[in-house]
>>> print(open('run_24.pdb').read())   # PDB, C-alpha atoms
MODEL        1
ATOM      1  CA  MET P   1     -37.033   9.326  40.580
ATOM      2  CA  ARG P   2     -38.129   6.068  39.055
ATOM      3  CA  ARG P   3     -36.126   4.818  36.126
ATOM      4  CA  LEU P   4     -37.671   5.056  32.673
ATOM      5  CA  PRO P   5     -39.041   1.744  31.346
ATOM      6  CA  ALA P   6     -36.615   0.049  28.965
ATOM      7  CA  TRP P   7     -39.033   0.340  26.048
ATOM      8  CA  LEU P   8     -39.451   4.077  26.616
ATOM      9  CA  SER P   9     -35.690   4.607  26.763
ATOM     10  CA  THR P  10     -35.281   2.669  23.519
ATOM     11  CA  LEU P  11     -38.112   4.588  21.843
ATOM     12  CA  THR P  12     -36.540   7.875  22.925
ATOM     13  CA  LYS P  13     -33.186   6.925  21.414
ATOM     14  CA  ILE P  14     -34.817   5.835  18.148
ATOM     15  CA  THR P  15     -36.727   9.126  18.030
ATOM     16  CA  VAL P  16     -33.521  11.116  18.575
ATOM     17  CA  ALA P  17     -31.807   9.219  15.740
ATOM     18  CA  ALA P  18     -34.772   9.755  13.381
ATOM     19  CA  VAL P  19     -34.983  13.469  14.171
ATOM     20  CA  LEU P  20     -31.251  13.978  13.620
ATOM     21  CA  ILE P  21     -31.262  12.090  10.317
ATOM     22  CA  ALA P  22     -34.345  14.022   9.119
ATOM     23  CA  TRP P  23     -32.694  17.297  10.099
ATOM     24  CA  MET P  24     -29.514  16.398   8.212
ATOM     25  CA  LEU P  25     -31.523  15.445   5.122
ATOM     26  CA  ARG P  26     -33.548  18.641   5.241
ATOM     27  CA  ARG P  27     -30.525  20.929   5.411
ATOM     28  CA  GLY P  28     -28.755  18.964   2.684
ATOM     29  CA  ALA P  29     -25.847  17.817   4.853
ATOM     30  CA  LEU P  30     -26.755  14.180   4.181
ATOM     31  CA  ASP P  31     -27.257  13.123   0.560
ATOM     32  CA  LEU P  32     -28.709   9.631   0.249
ATOM     33  CA  SER P  33     -28.042   9.556  -3.501
ATOM     34  CA  ALA P  34     -24.328  10.076  -2.817
ATOM     35  CA  VAL P  35     -24.442   7.340  -0.178
ATOM     36  CA  GLY P  36     -26.214   5.009  -2.607
ATOM     37  CA  SER P  37     -23.612   5.689  -5.294
ATOM     38  CA  ALA P  38     -21.055   4.016  -3.038
ATOM     39  CA  LEU P  39     -22.594   0.669  -4.028
ATOM     40  CA  THR P  40     -21.223   1.150  -7.546
ATOM     41  CA  ARG P  41     -17.763   1.134  -5.986
ATOM     42  CA  TRP P  42     -18.306  -2.248  -4.324
ATOM     43  CA  PRO P  43     -14.600  -3.270  -4.355
ATOM     44  CA  LEU P  44     -13.989  -0.408  -1.910
ATOM     45  CA  ILE P  45     -16.871  -1.640   0.248
ATOM     46  CA  LEU P  46     -15.443  -5.166   0.347
ATOM     47  CA  LEU P  47     -12.005  -3.784   1.221
ATOM     48  CA  MET P  48     -13.536  -1.763   4.059
ATOM     49  CA  ALA P  49     -15.254  -4.891   5.408
ATOM     50  CA  GLY P  50     -11.976  -6.815   5.362
ATOM     51  CA  ILE P  51     -10.163  -3.999   7.163
ATOM     52  CA  TYR P  52     -12.895  -3.838   9.788
ATOM     53  CA  TYR P  53     -12.596  -7.588  10.460
ATOM     54  CA  LEU P  54      -8.865  -6.972  10.962
ATOM     55  CA  GLN P  55      -9.716  -4.223  13.455
ATOM     56  CA  LEU P  56     -11.944  -6.605  15.393
ATOM     57  CA  GLY P  57      -9.121  -9.135  15.438
ATOM     58  CA  LEU P  58      -6.831  -6.521  16.995
ATOM     59  CA  ILE P  59      -9.477  -5.694  19.598
ATOM     60  CA  ALA P  60      -9.841  -9.388  20.457
ATOM     61  CA  TRP P  61      -6.060  -9.753  20.747
ATOM     62  CA  ARG P  62      -5.943  -6.750  23.086
ATOM     63  CA  TRP P  63      -8.523  -8.346  25.359
ATOM     64  CA  SER P  64      -6.737 -11.712  25.327
ATOM     65  CA  LEU P  65      -3.535  -9.937  26.408
ATOM     66  CA  LEU P  66      -5.309  -8.381  29.384
ATOM     67  CA  LEU P  67      -6.810 -11.738  30.348
ATOM     68  CA  GLY P  68      -3.430 -13.435  30.070
ATOM     69  CA  ALA P  69      -1.910 -10.910  32.461
ATOM     70  CA  GLN P  70      -4.460 -12.114  35.050
ATOM     71  CA  ASN P  71      -3.417 -15.758  34.473
ATOM     72  CA  ILE P  72      -6.750 -16.474  32.791
ATOM     73  CA  PRO P  73      -5.989 -18.561  29.684
ATOM     74  CA  PHE P  74      -8.209 -17.431  26.854
ATOM     75  CA  PRO P  75      -7.305 -18.423  23.268
ATOM     76  CA  LEU P  76      -7.451 -15.678  20.660
ATOM     77  CA  ARG P  77     -10.062 -17.696  18.765
ATOM     78  CA  ASP P  78     -12.458 -17.533  21.717
ATOM     79  CA  ALA P  79     -11.678 -13.873  22.358
ATOM     80  CA  PHE P  80     -12.506 -13.088  18.730
ATOM     81  CA  SER P  81     -15.761 -15.060  18.908
ATOM     82  CA  LEU P  82     -16.869 -13.184  22.024
ATOM     83  CA  THR P  83     -15.808  -9.879  20.475
ATOM     84  CA  MET P  84     -18.040 -10.589  17.470
ATOM     85  CA  ILE P  85     -20.900 -11.633  19.767
ATOM     86  CA  GLY P  86     -20.405  -8.411  21.717
ATOM     87  CA  MET P  87     -20.565  -6.335  18.531
ATOM     88  CA  LEU P  88     -23.804  -8.072  17.573
ATOM     89  CA  PHE P  89     -25.455  -7.338  20.902
ATOM     90  CA  ASN P  90     -24.279  -3.732  20.799
ATOM     91  CA  LEU P  91     -26.600  -3.462  17.805
ATOM     92  CA  ILE P  92     -29.648  -5.386  18.987
ATOM     93  CA  MET P  93     -29.757  -4.392  22.657
ATOM     94  CA  PRO P  94     -31.002  -0.930  23.677
ATOM     95  CA  SER P  95     -28.047  -0.302  25.984
ATOM     96  CA  SER P  96     -24.693   0.804  24.589
ATOM     97  CA  ILE P  97     -23.026  -1.765  26.877
ATOM     98  CA  GLY P  98     -25.107  -4.709  25.693
ATOM     99  CA  GLY P  99     -22.053  -6.297  24.103
ATOM    100  CA  ASP P 100     -20.034  -5.966  27.284
ATOM    101  CA  LEU P 101     -22.828  -7.607  29.257
ATOM    102  CA  MET P 102     -22.798 -10.611  26.934
ATOM    103  CA  LYS P 103     -19.010 -10.872  27.117
ATOM    104  CA  SER P 104     -19.249 -10.639  30.917
ATOM    105  CA  TYR P 105     -21.727 -13.507  31.005
ATOM    106  CA  TYR P 106     -19.575 -15.797  28.877
ATOM    107  CA  VAL P 107     -16.303 -14.962  30.590
ATOM    108  CA  HIS P 108     -17.937 -15.505  33.997
ATOM    109  CA  GLN P 109     -18.950 -18.995  32.886
ATOM    110  CA  ARG P 110     -15.426 -19.601  31.632
ATOM    111  CA  ALA P 111     -13.546 -18.369  34.714
ATOM    112  CA  LYS P 112     -15.949 -18.534  37.669
ATOM    113  CA  GLU P 113     -13.212 -18.667  40.282
ATOM    114  CA  ARG P 114     -11.602 -15.524  38.873
ATOM    115  CA  SER P 115     -14.700 -13.658  37.738
ATOM    116  CA  PRO P 116     -13.809 -10.299  39.369
ATOM    117  CA  GLU P 117     -10.447 -10.257  37.636
ATOM    118  CA  ALA P 118     -11.918 -11.380  34.301
ATOM    119  CA  LEU P 119     -14.712  -8.820  34.389
ATOM    120  CA  THR P 120     -12.225  -6.085  35.247
ATOM    121  CA  THR P 121     -10.387  -6.817  31.998
ATOM    122  CA  ILE P 122     -13.553  -5.898  30.073
ATOM    123  CA  VAL P 123     -13.669  -2.502  31.782
ATOM    124  CA  LEU P 124      -9.935  -1.960  31.276
ATOM    125  CA  ASP P 125     -10.302  -2.968  27.632
ATOM    126  CA  ARG P 126     -12.854  -0.174  27.204
ATOM    127  CA  VAL P 127     -10.576   2.337  28.921
ATOM    128  CA  LEU P 128      -7.582   1.400  26.768
ATOM    129  CA  GLY P 129      -9.755   1.673  23.674
ATOM    130  CA  LEU P 130     -10.681   5.238  24.595
ATOM    131  CA  LEU P 131      -7.065   6.080  25.420
ATOM    132  CA  SER P 132      -5.897   4.632  22.098
ATOM    133  CA  LEU P 133      -8.457   6.805  20.320
ATOM    134  CA  PHE P 134      -7.041   9.959  21.906
ATOM    135  CA  PHE P 135      -3.466   8.853  21.145
ATOM    136  CA  VAL P 136      -4.192   8.419  17.441
ATOM    137  CA  ALA P 137      -6.047  11.728  17.269
ATOM    138  CA  ALA P 138      -3.246  13.509  19.146
ATOM    139  CA  LEU P 139      -0.467  12.113  16.947
ATOM    140  CA  ALA P 140      -2.342  12.971  13.759
ATOM    141  CA  ALA P 141      -3.175  16.418  15.112
ATOM    142  CA  LEU P 142       0.374  17.440  16.072
ATOM    143  CA  PRO P 143       1.301  18.832  12.611
ATOM    144  CA  SER P 144      -1.759  21.092  12.661
ATOM    145  CA  LEU P 145      -1.121  22.129  16.267
ATOM    146  CA  LEU P 146       2.573  22.896  15.779
ATOM    147  CA  GLY P 147       2.376  24.286  12.272
ATOM    148  CA  GLY P 148      -0.923  26.115  12.546
ATOM    149  CA  THR P 149      -2.038  24.775   9.170
ATOM    150  CA  GLY P 150      -5.656  24.635   8.035
ATOM    151  CA  SER P 151      -8.578  26.608   9.397
ATOM    152  CA  ALA P 152      -8.657  28.330  12.778
ATOM    153  CA  ALA P 153     -10.676  25.405  14.196
ATOM    154  CA  LEU P 154      -7.951  22.825  13.539
ATOM    155  CA  PRO P 155      -5.518  23.978  16.276
ATOM    156  CA  THR P 156      -8.357  23.995  18.829
ATOM    157  CA  LEU P 157      -9.449  20.467  17.891
ATOM    158  CA  SER P 158      -5.812  19.375  17.892
ATOM    159  CA  LEU P 159      -5.253  20.741  21.391
ATOM    160  CA  PHE P 160      -8.366  18.893  22.614
ATOM    161  CA  SER P 161      -6.922  15.637  21.263
ATOM    162  CA  VAL P 162      -3.556  16.154  22.950
ATOM    163  CA  LEU P 163      -5.125  17.109  26.287
ATOM    164  CA  GLY P 164      -7.399  14.068  26.094
ATOM    165  CA  ALA P 165      -4.381  11.780  25.576
ATOM    166  CA  VAL P 166      -2.428  13.319  28.445
ATOM    167  CA  GLY P 167      -5.430  13.253  30.773
ATOM    168  CA  GLY P 168      -6.174   9.654  29.834
ATOM    169  CA  VAL P 169      -2.656   8.508  30.691
ATOM    170  CA  ALA P 170      -2.813  10.298  34.031
ATOM    171  CA  ALA P 171      -6.214   8.806  34.893
ATOM    172  CA  LEU P 172      -5.101   5.296  33.935
ATOM    173  CA  GLY P 173      -1.946   5.599  36.034
ATOM    174  CA  ILE P 174      -3.918   6.797  39.048
ATOM    175  CA  GLY P 175      -6.432   3.970  38.649
ATOM    176  CA  ILE P 176      -3.783   1.267  38.445
ATOM    177  CA  ARG P 177      -1.843   2.725  41.361
ATOM    178  CA  ALA P 178      -5.065   2.818  43.420
ATOM    179  CA  GLY P 179      -5.699  -0.795  42.441
ATOM    180  CA  ARG P 180      -2.424  -1.833  44.039
ATOM    181  CA  SER P 181      -3.559  -0.320  47.340
ATOM    182  CA  ALA P 182      -7.039  -1.855  47.083
ATOM    183  CA  GLY P 183      -5.628  -5.366  46.887
ATOM    184  CA  GLY P 184      -5.096  -5.619  50.642
ATOM    185  CA  ILE P 185      -8.493  -4.302  51.760
ATOM    186  CA  GLU P 186     -10.770  -6.766  53.588
ATOM    187  CA  HIS P 187     -14.539  -6.392  53.983
ATOM    188  CA  SER P 188     -17.329  -8.517  55.418
ATOM    189  CA  ASN P 189     -19.743  -7.842  52.549
ATOM    190  CA  ARG P 190     -19.299 -10.368  49.718
ATOM    191  CA  LEU P 191     -20.174  -7.919  46.932
ATOM    192  CA  VAL P 192     -17.712  -5.368  48.255
ATOM    193  CA  ARG P 193     -15.039  -8.063  48.483
ATOM    194  CA  LEU P 194     -15.599  -8.969  44.835
ATOM    195  CA  LEU P 195     -15.412  -5.323  43.776
ATOM    196  CA  VAL P 196     -12.211  -4.874  45.766
ATOM    197  CA  ARG P 197     -10.742  -7.988  44.127
ATOM    198  CA  GLY P 198     -11.570  -6.599  40.724
ATOM    199  CA  ALA P 199     -10.033  -3.223  41.505
ATOM    200  CA  GLY P 200      -7.027  -4.867  43.112
ATOM    201  CA  SER P 201      -6.383  -6.921  39.985
ATOM    202  CA  LEU P 202      -5.403  -3.695  38.224
ATOM    203  CA  GLY P 203      -2.235  -3.785  40.305
ATOM    204  CA  HIS P 204      -0.953  -6.659  38.145
ATOM    205  CA  TYR P 205      -0.514  -4.243  35.263
ATOM    206  CA  TRP P 206       1.758  -2.011  37.342
ATOM    207  CA  THR P 207       4.386  -4.746  37.240
ATOM    208  CA  THR P 208       3.683  -5.693  33.602
ATOM    209  CA  PRO P 209       3.701  -2.368  31.743
ATOM    210  CA  SER P 210       4.615  -4.167  28.529
ATOM    211  CA  ILE P 211       1.119  -5.704  28.488
ATOM    212  CA  LEU P 212      -0.477  -2.274  28.708
ATOM    213  CA  ALA P 213       1.865  -0.934  26.036
ATOM    214  CA  ALA P 214       1.078  -3.800  23.651
ATOM    215  CA  ALA P 215      -2.669  -3.537  24.316
ATOM    216  CA  THR P 216      -2.608   0.214  23.712
ATOM    217  CA  ALA P 217      -0.585  -0.240  20.530
ATOM    218  CA  ALA P 218      -3.173  -2.746  19.271
ATOM    219  CA  GLY P 219      -5.928  -0.232  19.959
ATOM    220  CA  MET P 220      -4.015   2.539  18.208
ATOM    221  CA  LEU P 221      -3.471   0.387  15.132
ATOM    222  CA  SER P 222      -7.181  -0.402  15.162
ATOM    223  CA  PHE P 223      -8.054   3.308  15.062
ATOM    224  CA  VAL P 224      -5.468   3.941  12.352
ATOM    225  CA  LEU P 225      -7.380   1.361  10.330
ATOM    226  CA  SER P 226     -10.577   3.282  11.153
ATOM    227  CA  CYS P 227      -9.000   6.372   9.625
ATOM    228  CA  LEU P 228      -8.050   4.335   6.559
ATOM    229  CA  ASN P 229     -11.585   2.976   6.288
ATOM    230  CA  PHE P 230     -13.057   6.464   6.542
ATOM    231  CA  SER P 231     -10.798   7.654   3.733
ATOM    232  CA  LEU P 232     -12.062   4.707   1.638
ATOM    233  CA  ALA P 233     -15.656   5.647   2.536
ATOM    234  CA  ALA P 234     -14.942   9.211   1.431
ATOM    235  CA  ARG P 235     -13.581   7.887  -1.847
ATOM    236  CA  ALA P 236     -16.686   5.717  -2.226
ATOM    237  CA  VAL P 237     -18.890   8.838  -2.126
ATOM    238  CA  GLY P 238     -16.708  10.611  -4.670
ATOM    239  CA  VAL P 239     -14.019  12.388  -2.613
ATOM    240  CA  VAL P 240     -10.631  11.745  -4.189
ATOM    241  CA  ASP P 241      -8.389  14.305  -2.476
ATOM    242  CA  LEU P 242      -8.713  14.153   1.311
ATOM    243  CA  PRO P 243      -5.735  15.829   3.066
ATOM    244  CA  ILE P 244      -4.193  13.428   5.549
ATOM    245  CA  GLN P 245      -4.234  15.971   8.384
ATOM    246  CA  PHE P 246      -8.030  15.801   8.418
ATOM    247  CA  LEU P 247      -8.005  12.120   9.336
ATOM    248  CA  PHE P 248      -7.382  12.968  12.989
ATOM    249  CA  LEU P 249     -11.006  14.123  13.025
ATOM    250  CA  VAL P 250     -12.131  10.515  12.602
ATOM    251  CA  PRO P 251     -11.321   9.409  16.196
ATOM    252  CA  LEU P 252     -12.984  12.563  17.538
ATOM    253  CA  GLY P 253     -16.101  11.843  15.510
ATOM    254  CA  LEU P 254     -16.152   8.226  16.663
ATOM    255  CA  LEU P 255     -15.968   9.441  20.249
ATOM    256  CA  THR P 256     -19.350  11.145  19.880
ATOM    257  CA  THR P 257     -21.002   7.913  18.708
ATOM    258  CA  ALA P 258     -20.330   6.408  22.143
ATOM    259  CA  LEU P 259     -22.814   8.857  23.684
ATOM    260  CA  PRO P 260     -25.891   6.812  24.765
ATOM    261  CA  ILE P 261     -28.467   9.085  23.150
ATOM    262  CA  SER P 262     -29.225   7.144  19.972
ATOM    263  CA  PRO P 263     -28.983   3.492  18.890
ATOM    264  CA  ALA P 264     -25.387   2.718  17.871
ATOM    265  CA  GLY P 265     -24.674   6.422  17.333
ATOM    266  CA  ILE P 266     -27.057   6.721  14.366
ATOM    267  CA  GLY P 267     -27.732  10.371  13.661
ATOM    268  CA  VAL P 268     -25.241  11.557  16.258
ATOM    269  CA  GLY P 269     -22.322  10.368  14.128
ATOM    270  CA  GLN P 270     -23.747  11.978  10.993
ATOM    271  CA  VAL P 271     -24.057  15.344  12.750
ATOM    272  CA  ALA P 272     -20.610  15.074  14.355
ATOM    273  CA  PHE P 273     -18.732  14.162  11.170
ATOM    274  CA  ALA P 274     -20.563  16.762   9.104
ATOM    275  CA  GLU P 275     -19.756  19.540  11.566
ATOM    276  CA  LEU P 276     -16.184  18.445  12.313
ATOM    277  CA  PHE P 277     -15.181  18.391   8.652
ATOM    278  CA  ARG P 278     -17.099  21.588   7.880
ATOM    279  CA  LEU P 279     -15.483  23.515  10.739
ATOM    280  CA  ALA P 280     -11.979  22.145  10.189
ATOM    281  CA  SER P 281     -12.075  22.968   6.461
ATOM    282  CA  GLY P 282     -13.721  26.370   6.797
ATOM    283  CA  GLY P 283     -16.840  25.076   5.055
ATOM    284  CA  ALA P 284     -15.050  23.453   2.108
ATOM    285  CA  PHE P 285     -15.736  19.822   3.071
ATOM    286  CA  THR P 286     -19.428  18.906   3.104
ATOM    287  CA  PHE P 287     -19.107  15.153   2.666
ATOM    288  CA  GLY P 288     -18.639  14.199   6.342
ATOM    289  CA  ALA P 289     -22.133  12.809   6.932
ATOM    290  CA  ASN P 290     -22.191  10.927   3.610
ATOM    291  CA  ALA P 291     -18.827   9.259   4.177
ATOM    292  CA  PHE P 292     -19.677   8.379   7.769
ATOM    293  CA  THR P 293     -22.980   6.795   6.696
ATOM    294  CA  VAL P 294     -21.102   4.472   4.336
ATOM    295  CA  PHE P 295     -18.492   3.807   7.044
ATOM    296  CA  GLN P 296     -21.210   3.053   9.615
ATOM    297  CA  THR P 297     -23.205   0.842   7.248
ATOM    298  CA  VAL P 298     -20.197  -1.376   6.562
ATOM    299  CA  GLN P 299     -19.605  -1.733  10.295
ATOM    300  CA  PHE P 300     -23.257  -2.633  10.890
ATOM    301  CA  LEU P 301     -23.178  -5.351   8.236
ATOM    302  CA  VAL P 302     -19.967  -6.847   9.613
ATOM    303  CA  ASN P 303     -21.265  -6.674  13.194
ATOM    304  CA  LEU P 304     -24.387  -8.555  12.139
ATOM    305  CA  THR P 305     -22.188 -11.519  11.181
ATOM    306  CA  GLY P 306     -21.654 -11.879  14.922
ATOM    307  CA  PHE P 307     -24.905 -13.867  14.779
ATOM    308  CA  PHE P 308     -23.006 -16.809  13.249
ATOM    309  CA  PHE P 309     -20.477 -16.698  16.092
ATOM    310  CA  TYR P 310     -23.342 -16.522  18.603
ATOM    311  CA  VAL P 311     -25.111 -19.641  17.338
ATOM    312  CA  SER P 312     -21.883 -21.610  16.869
ATOM    313  CA  TYR P 313     -19.986 -20.611  20.029
ATOM    314  CA  ARG P 314     -19.514 -23.385  22.547
ATOM    315  CA  ASN P 315     -18.267 -22.371  25.960
ATOM    316  CA  PRO P 316     -15.681 -24.959  27.067
ATOM    317  CA  ALA P 317     -16.799 -24.484  30.670
ATOM    318  CA  THR P 318     -20.356 -25.609  29.929
ATOM    319  CA  SER P 319     -20.021 -27.817  26.867
ATOM    320  CA  ARG P 320     -20.171 -31.560  27.309
ATOM    321  CA  PRO P 321     -17.413 -33.739  25.870
TER     322      PRO P 321
ENDMDL
END
>>> encode(input="run_24.pdb", output="structure tokens")
Amino acid sequence: MRRLPAWLSTLTKITVAAVLIAWMLRRGALDLSAVGSALTRWPLILLMAGIYYLQLGLIAWRWSLLLGAQNIPFPLRDAFSLTMIGMLFNLIMPSSIGGDLMKSYYVHQRAKERSPEALTTIVLDRVLGLLSLFFVAALAALPSLLGGTGSAALPTLSLFSVLGAVGGVAALGIGIRAGRSAGGIEHSNRLVRLLVRGAGSLGHYWTTPSILAAATAAGMLSFVLSCLNFSLAARAVGVVDLPIQFLFLVPLGLLTTALPISPAGIGVGQVAFAELFRLASGGAFTFGANAFTVFQTVQFLVNLTGFFFYVSYRNPATSRP
């Protein structure tokens, strides 16, 4: 089958987002007046923006750690600039990996002789981000899983988080172990050789587990800050008493926004957060979509500031003295 034209794929995603938002508005799960009232609590909005910039700094530091393990010097300042550029292009490009493509382009220009290893760090960075998400959800979910508190849905969601964390660790270990074996494979095809080099570079992390531990810890702290930001978003729409055990739903909700069926998870996130909080609370919490809309809007506005990093970034590999 022929691939869909890019414009048709983009139009389909926009249509999905519009339909989901319209559906949420019609059933009353999304209240735009409540979302708009968050503007009257602008100090909370500014605090959320500052926390999100801190999250992006942690993500950039995680990537710089992975690059350093491959003996590719990459200052944190440059890693942060490319992270901001990546966030910008995640918004303006139809593909959910638009930001990674831009980062790949810049890092290839920066480290041409070690491009396979550098590009592999971008993939590994994504994997560690997903693993960190499951870790945070699993740790926050343990009280509900062990104590059986909350609605009947909470233990099920908690078990999903724990299984995701365990499965993620196992998959990462298998991948890195396989990378060690791939390092010695020779092939006549140049593209295959580059792919093998990239896979083989994962073997470096087998001997430097502290790098993986630090990178995962940075990702976990980033998602803890996401939980904090969501609680601030909930407060901005008028929710003052949000039990802490419900914050483990935030990583699970964010996981759904990575699905490539709408631009930047618009609509999908609203549905996911509304249903997760409704199910976990037995129907008591109906603010999930409103709080997530505020949360998502702040992230969009911060990500748009990546434009200033894009126009001001100078790649040392291509810049003239």
>>> resolve_selection(input="run_24.pdb", expression="the PyMOL selection byres ((chain P and resi 205-216) around 9)", output="list in words")
Leu58, Ile59, Trp61, Arg62, Trp63, Leu65, Leu66, Ala69, Gln70, Asp125, Leu128, Gly129, Leu131, Ser132, Gly173, Ile176, Arg177, Arg180, Ser201, Leu202, Gly203, His204, Ala217, Ala218, Gly219, Met220 and Leu221 of chain P
>>> atom_distance(input="run_24.pdb", atom1="CA of Leu82 in chain P", atom2="CA of Ser115 in chain P")
15.9 Å
>>> residues_around(input="run_24.pdb", residues="Thr120 in chain P", least_positions_apart="4", cutoff="7 Å", atoms="only C-alpha atoms", output="list in words")
Pro116, Leu124 and Gly198 of chain P
>>> write_last_selection(input="run_24.pdb", atoms="C-alpha atoms", output="mmCIF file, in the coordinates of the input")
data_model
loop_
_atom_site.group_PDB
_atom_site.id
_atom_site.type_symbol
_atom_site.label_atom_id
_atom_site.label_comp_id
_atom_site.auth_asym_id
_atom_site.auth_seq_id
_atom_site.Cartn_x
_atom_site.Cartn_y
_atom_site.Cartn_z
ATOM 1 C CA PRO P 116 -13.809 -10.299 39.369
ATOM 2 C CA LEU P 124 -9.935 -1.960 31.276
ATOM 3 C CA GLY P 198 -11.570 -6.599 40.724
#
>>> closest_residue(input="run_24.pdb", among="P:Tyr310, P:Leu39, P:Lys13, P:Gly267", to="Leu25 in chain P", atoms="only C-alpha atoms")
P:Gly267
>>> resolve_selection(input="run_24.pdb", expression="the PyMOL selection byres ((chain P and resi 228) around 12)", output="PDB file with C-alpha atoms, in the frame of the given file")
ATOM      1  CA  LEU P  44     -13.989  -0.408  -1.910  1.00  0.00           C
ATOM      2  CA  LEU P  47     -12.005  -3.784   1.221  1.00  0.00           C
ATOM      3  CA  MET P  48     -13.536  -1.763   4.059  1.00  0.00           C
ATOM      4  CA  ALA P  49     -15.254  -4.891   5.408  1.00  0.00           C
ATOM      5  CA  GLY P  50     -11.976  -6.815   5.362  1.00  0.00           C
ATOM      6  CA  ILE P  51     -10.163  -3.999   7.163  1.00  0.00           C
ATOM      7  CA  TYR P  52     -12.895  -3.838   9.788  1.00  0.00           C
ATOM      8  CA  GLN P  55      -9.716  -4.223  13.455  1.00  0.00           C
ATOM      9  CA  LEU P 221      -3.471   0.387  15.132  1.00  0.00           C
ATOM     10  CA  SER P 222      -7.181  -0.402  15.162  1.00  0.00           C
ATOM     11  CA  PHE P 223      -8.054   3.308  15.062  1.00  0.00           C
ATOM     12  CA  VAL P 224      -5.468   3.941  12.352  1.00  0.00           C
ATOM     13  CA  LEU P 225      -7.380   1.361  10.330  1.00  0.00           C
ATOM     14  CA  SER P 226     -10.577   3.282  11.153  1.00  0.00           C
ATOM     15  CA  CYS P 227      -9.000   6.372   9.625  1.00  0.00           C
ATOM     16  CA  ASN P 229     -11.585   2.976   6.288  1.00  0.00           C
ATOM     17  CA  PHE P 230     -13.057   6.464   6.542  1.00  0.00           C
ATOM     18  CA  SER P 231     -10.798   7.654   3.733  1.00  0.00           C
ATOM     19  CA  LEU P 232     -12.062   4.707   1.638  1.00  0.00           C
ATOM     20  CA  ALA P 233     -15.656   5.647   2.536  1.00  0.00           C
ATOM     21  CA  ALA P 234     -14.942   9.211   1.431  1.00  0.00           C
ATOM     22  CA  ARG P 235     -13.581   7.887  -1.847  1.00  0.00           C
ATOM     23  CA  LEU P 242      -8.713  14.153   1.311  1.00  0.00           C
ATOM     24  CA  ILE P 244      -4.193  13.428   5.549  1.00  0.00           C
ATOM     25  CA  PHE P 246      -8.030  15.801   8.418  1.00  0.00           C
ATOM     26  CA  LEU P 247      -8.005  12.120   9.336  1.00  0.00           C
ATOM     27  CA  PHE P 248      -7.382  12.968  12.989  1.00  0.00           C
ATOM     28  CA  VAL P 250     -12.131  10.515  12.602  1.00  0.00           C
ATOM     29  CA  PRO P 251     -11.321   9.409  16.196  1.00  0.00           C
ATOM     30  CA  PHE P 295     -18.492   3.807   7.044  1.00  0.00           C
TER      31      PHE P 295
END
>>> atom_distance(input="run_24.pdb", atom1="CA of Leu259 in chain P", atom2="CA of Ala272 in chain P")
11.4 Å
>>> atom_distance(input="run_24.pdb", atom1="CA of Phe308 in chain P", atom2="CA of Tyr106 in chain P")
16.0 Å
>>> resolve_selection(input="run_24.pdb", expression="the PyMOL selection byres ((chain P and resi 289) around 7)", output="list in words")
Ala29, Leu30, Gln270, Val271, Phe273, Ala274, Phe287, Gly288, Asn290, Ala291, Phe292 and Thr293 of chain P
>>> residues_near_point(input="run_24.pdb", point="(-11.0, 9.2, 20.4)", cutoff="9 Å", atoms="all atoms listed in the file", output="ChimeraX atom specification")
/P:129-138,161,164-165,223,249-256
>>> residues_near_point(input="run_24.pdb", point="(-20.2, -15.5, 30.3)", cutoff="12 Å", atoms="all atoms listed in the file", output="list in words")
Asp78, Ala79, Leu82, Ile85, Gly86, Gly99, Asp100, Leu101, Met102, Lys103, Ser104, Tyr105, Tyr106, Val107, His108, Gln109, Arg110, Ala111, Lys112, Ser115, Ala118, Leu119, Ile122, Tyr313, Arg314, Asn315, Pro316, Ala317 and Thr318 of chain P
>>> closest_residue(input="run_24.pdb", among="P:Gly168, P:Pro155, P:Gly68, P:Gly238", to="Gly36 in chain P", atoms="all atoms listed in the file")
P:Gly238
>>> closest_residue(input="run_24.pdb", among="P:Thr156, P:Ser33, P:Thr83, P:Ser262", to="Thr305 in chain P", atoms="only C-alpha atoms")
P:Thr83
